[in-house]
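Asker: File follows, coords-v2.txt with compact mmCIF, N, CA and C atoms:
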# COMPACT_ATOMS: atom_id res chain seq x y z
N MET E 295 100.41 109.14 72.46
CA MET E 295 99.39 108.11 72.37
C MET E 295 100.08 106.76 72.17
N PRO E 296 99.63 105.70 72.83
CA PRO E 296 100.26 104.40 72.69
C PRO E 296 100.29 103.91 71.24
N ASP E 297 101.37 103.26 70.88
CA ASP E 297 101.56 102.69 69.55
C ASP E 297 100.84 101.35 69.50
N GLU E 298 99.91 101.20 68.56
CA GLU E 298 99.09 99.99 68.46
C GLU E 298 99.89 98.75 68.11
N ASP E 299 101.11 98.92 67.54
CA ASP E 299 101.92 97.77 67.14
C ASP E 299 102.71 97.17 68.30
N GLN E 300 102.76 97.83 69.43
CA GLN E 300 103.51 97.35 70.57
C GLN E 300 102.57 96.82 71.64
N ALA E 301 103.14 96.05 72.56
CA ALA E 301 102.34 95.55 73.68
C ALA E 301 101.75 96.72 74.44
N THR E 302 100.52 96.58 74.86
CA THR E 302 99.84 97.67 75.55
C THR E 302 99.53 97.28 76.98
N LEU E 303 99.83 98.18 77.90
CA LEU E 303 99.44 98.06 79.29
C LEU E 303 98.19 98.90 79.46
N THR E 304 97.19 98.36 80.10
CA THR E 304 95.99 99.13 80.39
C THR E 304 95.78 99.17 81.89
N GLY E 305 95.10 100.21 82.34
CA GLY E 305 94.85 100.33 83.76
C GLY E 305 93.69 101.27 84.02
N SER E 306 93.32 101.35 85.29
CA SER E 306 92.21 102.21 85.68
C SER E 306 92.28 102.49 87.17
N CYS E 307 91.45 103.42 87.59
CA CYS E 307 91.33 103.72 89.01
C CYS E 307 90.33 102.75 89.66
N LEU E 308 90.19 102.85 90.94
CA LEU E 308 89.30 101.96 91.70
C LEU E 308 87.84 102.07 91.26
N CYS E 309 87.37 103.28 91.01
CA CYS E 309 85.95 103.45 90.66
C CYS E 309 85.68 103.33 89.16
N GLY E 310 86.74 103.26 88.34
CA GLY E 310 86.58 103.11 86.90
C GLY E 310 86.36 104.40 86.13
N ALA E 311 86.40 105.55 86.82
CA ALA E 311 86.20 106.83 86.14
C ALA E 311 87.36 107.16 85.20
N VAL E 312 88.57 106.71 85.55
CA VAL E 312 89.75 106.99 84.73
C VAL E 312 90.32 105.68 84.21
N GLU E 313 90.58 105.64 82.92
CA GLU E 313 91.25 104.50 82.29
C GLU E 313 92.43 105.04 81.49
N PHE E 314 93.47 104.22 81.37
CA PHE E 314 94.65 104.65 80.62
C PHE E 314 95.25 103.47 79.87
N ALA E 315 96.10 103.80 78.91
CA ALA E 315 96.83 102.79 78.14
C ALA E 315 98.25 103.30 77.93
N ALA E 316 99.18 102.36 77.90
CA ALA E 316 100.59 102.68 77.67
C ALA E 316 101.19 101.62 76.78
N SER E 317 102.11 102.02 75.92
CA SER E 317 102.74 101.05 75.04
C SER E 317 104.25 101.07 75.23
N GLY E 318 104.86 99.98 74.79
CA GLY E 318 106.32 99.91 74.84
C GLY E 318 106.83 99.24 76.09
N ALA E 319 108.11 98.96 76.07
CA ALA E 319 108.76 98.31 77.20
C ALA E 319 109.05 99.32 78.30
N PRO E 320 108.83 98.95 79.55
CA PRO E 320 109.16 99.85 80.66
C PRO E 320 110.65 100.16 80.69
N ARG E 321 110.97 101.40 81.04
CA ARG E 321 112.38 101.79 81.27
C ARG E 321 112.89 101.14 82.56
N PHE E 322 111.99 100.99 83.52
CA PHE E 322 112.32 100.35 84.80
C PHE E 322 111.03 99.96 85.49
N VAL E 323 111.15 99.05 86.45
CA VAL E 323 110.08 98.75 87.40
C VAL E 323 110.75 98.81 88.77
N ALA E 324 110.27 99.69 89.62
CA ALA E 324 110.95 99.94 90.89
C ALA E 324 109.97 99.93 92.06
N HIS E 325 110.45 99.38 93.18
CA HIS E 325 109.75 99.51 94.45
C HIS E 325 110.31 100.77 95.11
N CYS E 326 109.44 101.73 95.43
CA CYS E 326 109.90 102.95 96.08
C CYS E 326 109.53 102.93 97.56
N HIS E 327 110.50 103.32 98.39
CA HIS E 327 110.31 103.33 99.84
C HIS E 327 110.31 104.74 100.42
N CYS E 328 110.21 105.78 99.57
CA CYS E 328 110.29 107.15 100.09
C CYS E 328 109.03 107.51 100.87
N GLU E 329 109.16 108.51 101.72
CA GLU E 329 108.05 108.93 102.56
C GLU E 329 106.89 109.49 101.74
N ASN E 330 107.20 110.22 100.67
CA ASN E 330 106.12 110.77 99.84
C ASN E 330 105.26 109.67 99.25
N CYS E 331 105.88 108.62 98.71
CA CYS E 331 105.11 107.52 98.14
C CYS E 331 104.30 106.81 99.22
N ARG E 332 104.94 106.56 100.38
CA ARG E 332 104.21 105.89 101.46
C ARG E 332 102.98 106.69 101.86
N LYS E 333 103.13 108.00 102.02
CA LYS E 333 102.00 108.83 102.45
C LYS E 333 100.94 108.96 101.37
N ALA E 334 101.36 109.13 100.12
CA ALA E 334 100.39 109.28 99.03
C ALA E 334 99.57 108.03 98.82
N HIS E 335 100.17 106.86 99.02
CA HIS E 335 99.48 105.60 98.74
C HIS E 335 99.00 104.88 100.00
N GLY E 336 99.47 105.32 101.17
CA GLY E 336 99.09 104.63 102.40
C GLY E 336 99.62 103.22 102.45
N ALA E 337 100.85 103.03 101.95
CA ALA E 337 101.44 101.70 101.85
C ALA E 337 102.93 101.76 102.18
N GLY E 338 103.50 100.63 102.53
CA GLY E 338 104.91 100.55 102.87
C GLY E 338 105.84 100.76 101.69
N ILE E 339 105.42 100.32 100.53
CA ILE E 339 106.16 100.54 99.30
C ILE E 339 105.16 100.80 98.17
N VAL E 340 105.64 101.44 97.13
CA VAL E 340 104.84 101.64 95.93
C VAL E 340 105.68 101.16 94.75
N THR E 341 105.07 100.37 93.89
CA THR E 341 105.76 99.87 92.71
C THR E 341 105.40 100.75 91.52
N TRP E 342 106.44 101.29 90.88
CA TRP E 342 106.27 102.19 89.75
C TRP E 342 106.82 101.56 88.49
N VAL E 343 106.16 101.82 87.37
CA VAL E 343 106.61 101.41 86.04
C VAL E 343 107.00 102.69 85.31
N GLY E 344 108.28 102.83 84.99
CA GLY E 344 108.75 104.03 84.31
C GLY E 344 108.61 103.90 82.80
N LEU E 345 107.97 104.87 82.18
CA LEU E 345 107.71 104.85 80.74
C LEU E 345 107.94 106.24 80.15
N PRO E 346 108.18 106.31 78.84
CA PRO E 346 108.20 107.63 78.19
C PRO E 346 106.81 108.25 78.31
N ALA E 347 106.74 109.52 78.67
CA ALA E 347 105.45 110.17 78.86
C ALA E 347 104.59 110.11 77.59
N ALA E 348 105.22 110.18 76.44
CA ALA E 348 104.47 110.16 75.18
C ALA E 348 103.80 108.82 74.91
N SER E 349 104.20 107.78 75.63
CA SER E 349 103.61 106.46 75.39
C SER E 349 102.41 106.16 76.27
N VAL E 350 102.03 107.11 77.13
CA VAL E 350 100.92 106.91 78.07
C VAL E 350 99.80 107.89 77.73
N ALA E 351 98.58 107.38 77.66
CA ALA E 351 97.42 108.23 77.37
C ALA E 351 96.26 107.87 78.28
N VAL E 352 95.59 108.88 78.79
CA VAL E 352 94.33 108.66 79.50
C VAL E 352 93.28 108.46 78.41
N THR E 353 92.65 107.29 78.41
CA THR E 353 91.70 106.94 77.36
C THR E 353 90.25 107.21 77.77
N ARG E 354 90.04 107.44 79.05
CA ARG E 354 88.71 107.76 79.56
C ARG E 354 88.86 108.52 80.86
N GLY E 355 88.12 109.59 81.01
CA GLY E 355 88.04 110.28 82.29
C GLY E 355 89.13 111.30 82.58
N GLU E 356 89.71 111.89 81.55
CA GLU E 356 90.73 112.93 81.79
C GLU E 356 90.19 114.01 82.73
N ASN E 357 88.92 114.35 82.58
CA ASN E 357 88.33 115.39 83.44
C ASN E 357 88.18 114.93 84.89
N ALA E 358 88.27 113.64 85.16
CA ALA E 358 88.20 113.13 86.53
C ALA E 358 89.56 113.14 87.22
N CYS E 359 90.63 113.39 86.45
CA CYS E 359 91.98 113.40 87.01
C CYS E 359 92.23 114.68 87.80
N SER E 360 92.79 114.52 88.97
CA SER E 360 93.23 115.64 89.80
C SER E 360 94.74 115.60 89.89
N ARG E 361 95.33 116.74 90.22
CA ARG E 361 96.78 116.83 90.30
C ARG E 361 97.20 117.48 91.60
N TYR E 362 98.34 117.02 92.09
CA TYR E 362 98.96 117.62 93.26
C TYR E 362 100.43 117.82 92.93
N VAL E 363 100.91 119.04 93.04
CA VAL E 363 102.32 119.33 92.80
C VAL E 363 102.99 119.43 94.17
N SER E 364 103.97 118.57 94.39
CA SER E 364 104.65 118.51 95.69
C SER E 364 105.66 119.64 95.82
N GLU E 365 106.23 119.76 97.02
CA GLU E 365 107.23 120.80 97.28
C GLU E 365 108.48 120.63 96.42
N THR E 366 108.68 119.44 95.86
CA THR E 366 109.84 119.20 94.99
C THR E 366 109.52 119.54 93.53
N GLY E 367 108.27 119.87 93.23
CA GLY E 367 107.87 120.18 91.86
C GLY E 367 107.37 118.97 91.09
N ALA E 368 107.37 117.81 91.71
CA ALA E 368 106.83 116.61 91.07
C ALA E 368 105.31 116.68 91.07
N THR E 369 104.69 116.07 90.06
CA THR E 369 103.23 116.08 89.95
C THR E 369 102.68 114.68 90.16
N TRP E 370 101.75 114.56 91.08
CA TRP E 370 101.02 113.32 91.34
C TRP E 370 99.67 113.46 90.66
N ILE E 371 99.28 112.47 89.87
CA ILE E 371 97.99 112.50 89.16
C ILE E 371 97.15 111.35 89.71
N PHE E 372 95.92 111.66 90.11
CA PHE E 372 95.07 110.68 90.75
C PHE E 372 93.62 110.92 90.37
N CYS E 373 92.77 109.93 90.60
CA CYS E 373 91.35 110.07 90.34
C CYS E 373 90.74 110.98 91.40
N GLY E 374 90.06 112.02 90.95
CA GLY E 374 89.43 112.95 91.88
C GLY E 374 88.19 112.37 92.55
N SER E 375 87.66 111.27 92.02
CA SER E 375 86.48 110.64 92.61
C SER E 375 86.83 109.65 93.71
N CYS E 376 87.71 108.68 93.39
CA CYS E 376 88.02 107.63 94.37
C CYS E 376 89.39 107.80 95.03
N GLY E 377 90.22 108.70 94.50
CA GLY E 377 91.51 108.96 95.11
C GLY E 377 92.64 108.04 94.67
N SER E 378 92.38 107.10 93.77
CA SER E 378 93.44 106.19 93.31
C SER E 378 94.59 106.97 92.70
N ARG E 379 95.82 106.69 93.20
CA ARG E 379 97.02 107.30 92.63
C ARG E 379 97.33 106.54 91.35
N LEU E 380 97.54 107.28 90.25
CA LEU E 380 97.76 106.65 88.95
C LEU E 380 99.13 106.93 88.38
N PHE E 381 99.57 108.19 88.41
CA PHE E 381 100.81 108.59 87.76
C PHE E 381 101.63 109.53 88.63
N TYR E 382 102.92 109.53 88.35
CA TYR E 382 103.86 110.45 88.99
C TYR E 382 104.73 111.04 87.89
N ARG E 383 104.82 112.36 87.83
CA ARG E 383 105.67 113.04 86.85
C ARG E 383 106.81 113.70 87.60
N PRO E 384 108.05 113.20 87.44
CA PRO E 384 109.17 113.81 88.14
C PRO E 384 109.40 115.25 87.67
N ALA E 385 109.77 116.12 88.57
CA ALA E 385 110.00 117.52 88.24
C ALA E 385 111.17 117.69 87.27
N ASN E 386 112.16 116.82 87.39
CA ASN E 386 113.38 116.98 86.60
C ASN E 386 113.38 116.24 85.27
N ASP E 387 112.27 115.57 84.91
CA ASP E 387 112.23 114.82 83.66
C ASP E 387 110.79 114.71 83.17
N GLN E 388 110.31 115.73 82.48
CA GLN E 388 108.93 115.73 82.01
C GLN E 388 108.71 114.77 80.84
N ALA E 389 109.79 114.21 80.29
CA ALA E 389 109.65 113.23 79.21
C ALA E 389 109.34 111.85 79.76
N GLU E 390 109.36 111.70 81.09
CA GLU E 390 109.12 110.40 81.72
C GLU E 390 107.88 110.49 82.60
N ILE E 391 107.17 109.38 82.70
CA ILE E 391 106.05 109.27 83.63
C ILE E 391 106.15 107.94 84.33
N HIS E 392 105.78 107.91 85.59
CA HIS E 392 105.76 106.67 86.36
C HIS E 392 104.30 106.28 86.54
N VAL E 393 103.99 105.05 86.18
CA VAL E 393 102.64 104.52 86.30
C VAL E 393 102.60 103.62 87.54
N ALA E 394 101.61 103.82 88.39
CA ALA E 394 101.47 102.96 89.57
C ALA E 394 101.09 101.56 89.12
N ALA E 395 101.96 100.59 89.40
CA ALA E 395 101.71 99.21 88.96
C ALA E 395 100.41 98.66 89.53
N GLY E 396 100.03 99.11 90.71
CA GLY E 396 98.79 98.66 91.33
C GLY E 396 97.54 99.09 90.57
N ALA E 397 97.67 100.07 89.69
CA ALA E 397 96.52 100.54 88.90
C ALA E 397 96.39 99.79 87.58
N LEU E 398 97.35 98.91 87.27
CA LEU E 398 97.29 98.16 86.01
C LEU E 398 96.17 97.12 86.06
N ASP E 399 95.50 96.96 84.93
CA ASP E 399 94.44 95.95 84.80
C ASP E 399 94.95 94.68 84.13
N VAL E 400 96.22 94.67 83.75
CA VAL E 400 96.82 93.53 83.07
C VAL E 400 98.10 93.16 83.80
N ASP E 401 98.57 91.94 83.58
CA ASP E 401 99.84 91.53 84.16
C ASP E 401 100.98 92.28 83.50
N LEU E 402 101.93 92.67 84.29
CA LEU E 402 103.12 93.36 83.80
C LEU E 402 104.15 92.31 83.41
N ASP E 403 104.59 92.36 82.16
CA ASP E 403 105.56 91.39 81.66
C ASP E 403 106.98 91.91 81.88
N ALA E 404 107.27 92.26 83.14
CA ALA E 404 108.59 92.76 83.52
C ALA E 404 108.73 92.55 85.02
N ASN E 405 109.96 92.36 85.46
CA ASN E 405 110.22 92.17 86.88
C ASN E 405 110.69 93.46 87.52
N VAL E 406 110.47 93.59 88.81
CA VAL E 406 111.03 94.72 89.55
C VAL E 406 112.54 94.60 89.46
N ASN E 407 113.21 95.69 89.09
CA ASN E 407 114.65 95.62 88.94
C ASN E 407 115.42 96.46 89.94
N VAL E 408 114.73 97.21 90.81
CA VAL E 408 115.46 98.01 91.80
C VAL E 408 114.52 98.46 92.93
N HIS E 409 115.10 98.59 94.11
CA HIS E 409 114.45 99.25 95.25
C HIS E 409 115.07 100.65 95.30
N VAL E 410 114.25 101.71 95.23
CA VAL E 410 114.77 103.06 95.37
C VAL E 410 114.41 103.61 96.74
N TYR E 411 115.25 104.50 97.24
CA TYR E 411 115.13 105.00 98.61
C TYR E 411 115.09 103.83 99.60
N ALA E 412 115.86 102.80 99.30
CA ALA E 412 115.87 101.59 100.14
C ALA E 412 116.35 101.89 101.55
N ASP E 413 117.18 102.90 101.71
CA ASP E 413 117.66 103.27 103.05
C ASP E 413 116.57 103.93 103.89
N ARG E 414 115.40 104.12 103.31
CA ARG E 414 114.26 104.70 104.02
C ARG E 414 113.14 103.68 104.25
N ALA E 415 113.42 102.42 103.97
CA ALA E 415 112.42 101.36 104.19
C ALA E 415 112.04 101.33 105.67
N THR E 416 110.77 101.10 105.95
CA THR E 416 110.31 101.07 107.34
C THR E 416 110.59 99.71 107.97
N ASN E 417 110.60 99.67 109.29
CA ASN E 417 110.80 98.40 109.98
C ASN E 417 109.58 97.49 109.85
N TRP E 418 108.43 98.06 109.54
CA TRP E 418 107.20 97.26 109.38
C TRP E 418 106.98 96.79 107.95
N CYS E 419 107.86 97.21 107.03
CA CYS E 419 107.80 96.75 105.65
C CYS E 419 109.25 96.62 105.13
N PRO E 420 110.00 95.68 105.71
CA PRO E 420 111.42 95.56 105.38
C PRO E 420 111.64 94.96 103.99
N ILE E 421 112.83 95.19 103.47
CA ILE E 421 113.23 94.60 102.19
C ILE E 421 113.79 93.21 102.50
N THR E 422 113.20 92.19 101.89
CA THR E 422 113.61 90.82 102.19
C THR E 422 114.02 90.03 100.95
N ASP E 423 114.26 90.73 99.84
CA ASP E 423 114.65 90.04 98.61
C ASP E 423 116.06 90.46 98.18
N ASP E 424 116.51 89.93 97.07
CA ASP E 424 117.86 90.21 96.58
C ASP E 424 117.89 91.22 95.44
N ILE E 425 116.80 91.94 95.22
CA ILE E 425 116.75 92.96 94.17
C ILE E 425 117.71 94.09 94.57
N PRO E 426 118.48 94.63 93.62
CA PRO E 426 119.42 95.71 93.94
C PRO E 426 118.73 96.87 94.66
N GLN E 427 119.51 97.49 95.57
CA GLN E 427 118.98 98.58 96.38
C GLN E 427 119.78 99.86 96.12
N ARG E 428 119.05 100.97 96.03
CA ARG E 428 119.65 102.29 95.88
C ARG E 428 119.07 103.18 96.95
N GLY E 429 119.77 104.28 97.27
CA GLY E 429 119.29 105.18 98.31
C GLY E 429 119.95 106.54 98.22
N GLY E 430 120.18 107.15 99.38
CA GLY E 430 120.78 108.47 99.44
C GLY E 430 119.80 109.57 99.07
N PRO E 431 120.31 110.79 98.92
CA PRO E 431 119.45 111.95 98.66
C PRO E 431 118.58 111.82 97.41
N SER E 432 119.10 111.24 96.35
CA SER E 432 118.31 111.10 95.11
C SER E 432 117.53 109.80 95.08
N GLY E 433 117.81 108.90 96.02
CA GLY E 433 117.17 107.59 96.03
C GLY E 433 117.82 106.59 95.10
N MET E 434 118.80 107.05 94.31
CA MET E 434 119.41 106.21 93.29
C MET E 434 120.91 105.95 93.50
N GLU E 435 121.49 106.47 94.58
CA GLU E 435 122.90 106.22 94.82
C GLU E 435 123.10 104.77 95.28
N ARG E 436 124.23 104.22 94.90
CA ARG E 436 124.58 102.85 95.29
C ARG E 436 124.78 102.81 96.80
N LEU E 437 124.20 101.82 97.45
CA LEU E 437 124.34 101.67 98.89
C LEU E 437 125.47 100.70 99.19
N PRO E 438 126.09 100.87 100.37
CA PRO E 438 127.19 99.95 100.74
C PRO E 438 126.71 98.53 100.92
Translate this structure into structure tokens?
Answerer:
Amino acid sequence: MPDEDQATLTGSCLCGAVEFAASGAPRFVAHCHCENCRKAHGAGIVTWVGLPAASVAVTRGENACSRYVSETGATWIFCGSCGSRLFYRPANDQAEIHVAAGALDVDLDANVNVHVYADRATNWCPITDDIPQRGGPSGMERLP
């Protein structure tokens, strides 16, 4: 459950059935260019805010949340009513959760610090900034 003494991020899905809150400083803010994110969100990139899983709580509409477990064992959590993608739980780190920045209802007081799977960016949504880029099989290897 979010700590009331720390800054709180709040967010919701498109239809408002699901609301959530998170506390603490993000571990990272990343633009992801992987195919799974593109397909799940219908977008060229998805911006994720990485947080400790214990710091994020669904404050309304837990019963409206649906889950999809991908072939990699990762869990995508989304609103079953409107389809808004809200969270991503990596298979290899259940202590971490990624919050879709687009679902936030407040401004994020942090900058994007990395492009992951940058070597998979599409030609119709190219990387045009100087933010560090990572890629390779894990999406996090240093690129030449």
Asker: Would you mind reading off the distance between atom N of E:Ser306 and atom N of E:Asn407, one decimal, in Å?
Answerer: 21.0 Å
Asker: What residues in stretch 309-434 of chain E get the DSSP label strand (DSSP E)? Please answer as a VMD selection string.
Answerer: chain E and resid 313 to 317 322 to 326 340 to 346 350 to 354 359 to 363 369 to 373 379 to 383 390 to 394 408 to 410 428 to 429
Asker: Let me make sure I understand: among E:Val400, E:Val340, E:Ala311, E:Val393, which one has the smallest atom-to-atom distance to E:Cys359 if we use only N, CA and C atoms?
Answerer: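 Of E:Val400, E:Val340, E:Ala311, E:Val393, the one nearest E:Cys359, counting only N, CA and C atoms, is E:Ala311.
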Asker: Leaving out stretch 362-373 of chain E and any residue of its chain fewer than 6 positions from it, which residues lie within 8 Å of it when counting all atoms listed in the file, given as a ChimeraX atom specification?
Answerer: /E:307-309,311-312,379-386
Asker: So that I can check the surroundings of E:His325, please list as a list of chain:residue names every protein, DNA and RNA residue that reaches within 8 Å of it, counting only C-alpha atoms and ignoring chain neighbours fewer than 4 positions away.
Answerer: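 Near E:His325, the qualifying residues are E:Ile339, E:Val340, E:Thr341, E:Trp342, E:Val406, E:Val408, E:His409, E:Val410.
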Asker: Would you compute, for all listed atoms of stretch 394-406 of chain E, the axis-aligned bounding box grown by 3 Å on each side, and then report its centre and edge lengths in Å rounded to one decimal, as JSON?
Answerer:
{"center_x": 103.5, "center_y": 97.6, "center_z": 86.5, "size_x": 24.1, "size_y": 18.4, "size_z": 15.7}
Asker: Select, from E:Gly396, E:Gly374, E:Gly355, E:Gly305, the residue with the minimum atom-to-atom distance to E:His335, counting only C-alpha atoms.
Answerer: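 Looking only at the distances to E:His335, the closest residue turns out to be E:Gly396.
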Asker: Give me, as a Markdown table, the closest atom pair and its distance (Å, one decimal) for every residue of stretch 301-395 of chain E within a cut-off of 8 Å of stretch 416-428 of chain E, counting all atoms listed in the file, rows sorted by chain and rising number.
Answerer:
| residue | atom | partner | partner_atom | distance |
| --- | --- | --- | --- | --- |
| E:His327 | CA | E:Thr416 | N | 6.5 |
| E:Cys328 | N | E:Thr416 | N | 7.9 |
| E:Ala337 | C | E:Cys419 | CA | 7.8 |
| E:Gly338 | CA | E:Cys419 | CA | 5.5 |
| E:Ile339 | N | E:Cys419 | CA | 6.7 |
Asker: Report, in Å to a single decimal, how far apart atom N of E:Gly336 and atom CA of E:Asp399 are.
Answerer: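 That distance, rounded to one decimal, is 19.5 Å.
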Asker: Nearest residue to E:Cys376 out of E:Ala358, E:Ala334, E:Val323, E:Ala389, using only N, CA and C atoms?
Answerer: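 Going through E:Ala358, E:Ala334, E:Val323, E:Ala389 one by one, the smallest distance to E:Cys376 is for E:Ala358.
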Asker: If you measure from atom CA of E:Phe322 to atom CA of E:Ser349, what distance in Å do you get, rounded to one decimal?
Answerer: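 We find that atom CA of E:Phe322 and atom CA of E:Ser349 lie 14.2 Å from each other.
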Asker: Going by DSSP on the backbone, which bits of chain E are alpha helix (DSSP H)? Write them as an MDAnalysis selection string, please.
Answerer: chainID E and resid 329:335
Asker: Go through E:Asn405, E:Gly433, E:Arg414, E:Asp387 and flag the residue nearest E:Ala324, using only N, CA and C atoms for the distances.
Answerer: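 Going through E:Asn405, E:Gly433, E:Arg414, E:Asp387 one by one, the smallest distance to E:Ala324 is for E:Asn405.
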Asker: Could you check which of E:Ala412, E:Val343, E:Asn357, E:Cys331 is closest to E:Ala395, using all atoms listed in the file?
Answerer: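 Smallest separation from E:Ala395 among the options: E:Val343.
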Asker: From the list E:Leu437, E:Leu345, E:Ala351, E:Ala316, which residue is nearest E:Asp413 when using only N, CA and C atoms?
Answerer: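 Under the stated criterion, the closest residue is E:Leu437.
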Asker: Writing C-alpha atoms and nothing else, produce stretch 344-376 of chain E as a short mmCIF file (atom, residue, chain, number, x, y, z; two decimals), in the first residue's frame.
Answerer:
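The result, written out as part19.cif:
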data_model
loop_
_atom_site.label_atom_id
_atom_site.label_comp_id
_atom_site.auth_asym_id
_atom_site.auth_seq_id
_atom_site.Cartn_x
_atom_site.Cartn_y
_atom_site.Cartn_z
CA GLY E 344 9.22 1.15 -12.67
CA LEU E 345 8.25 0.92 -9.00
CA PRO E 346 8.46 -1.57 -6.14
CA ALA E 347 5.33 -3.72 -6.39
CA ALA E 348 4.56 -3.13 -2.71
CA SER E 349 4.25 0.61 -3.35
CA VAL E 350 1.38 0.27 -5.85
CA ALA E 351 -2.23 -0.41 -4.88
CA VAL E 352 -5.46 -0.60 -6.83
CA THR E 353 -7.69 1.74 -4.83
CA ARG E 354 -10.88 1.14 -6.81
CA GLY E 355 -12.06 -1.55 -9.18
CA GLU E 356 -9.77 -4.50 -8.45
CA ASN E 357 -12.60 -6.74 -9.69
CA ALA E 358 -12.55 -4.86 -13.04
CA CYS E 359 -8.88 -5.78 -13.61
CA SER E 360 -8.14 -8.49 -16.13
CA ARG E 361 -4.83 -10.27 -16.60
CA TYR E 362 -2.96 -11.73 -19.52
CA VAL E 363 0.13 -13.87 -18.97
CA SER E 364 2.40 -13.76 -22.02
CA GLU E 365 4.53 -16.59 -23.40
CA THR E 366 7.46 -15.15 -21.41
CA GLY E 367 5.54 -15.44 -18.12
CA ALA E 368 5.09 -11.69 -17.75
CA THR E 369 1.67 -10.48 -16.58
CA TRP E 370 -0.17 -7.60 -18.22
CA ILE E 371 -2.93 -6.07 -16.06
CA PHE E 372 -5.63 -4.02 -17.76
CA CYS E 373 -9.19 -2.80 -17.30
CA GLY E 374 -11.59 -5.51 -18.41
CA SER E 375 -14.20 -2.88 -19.32
CA CYS E 376 -12.32 -0.37 -21.48
#
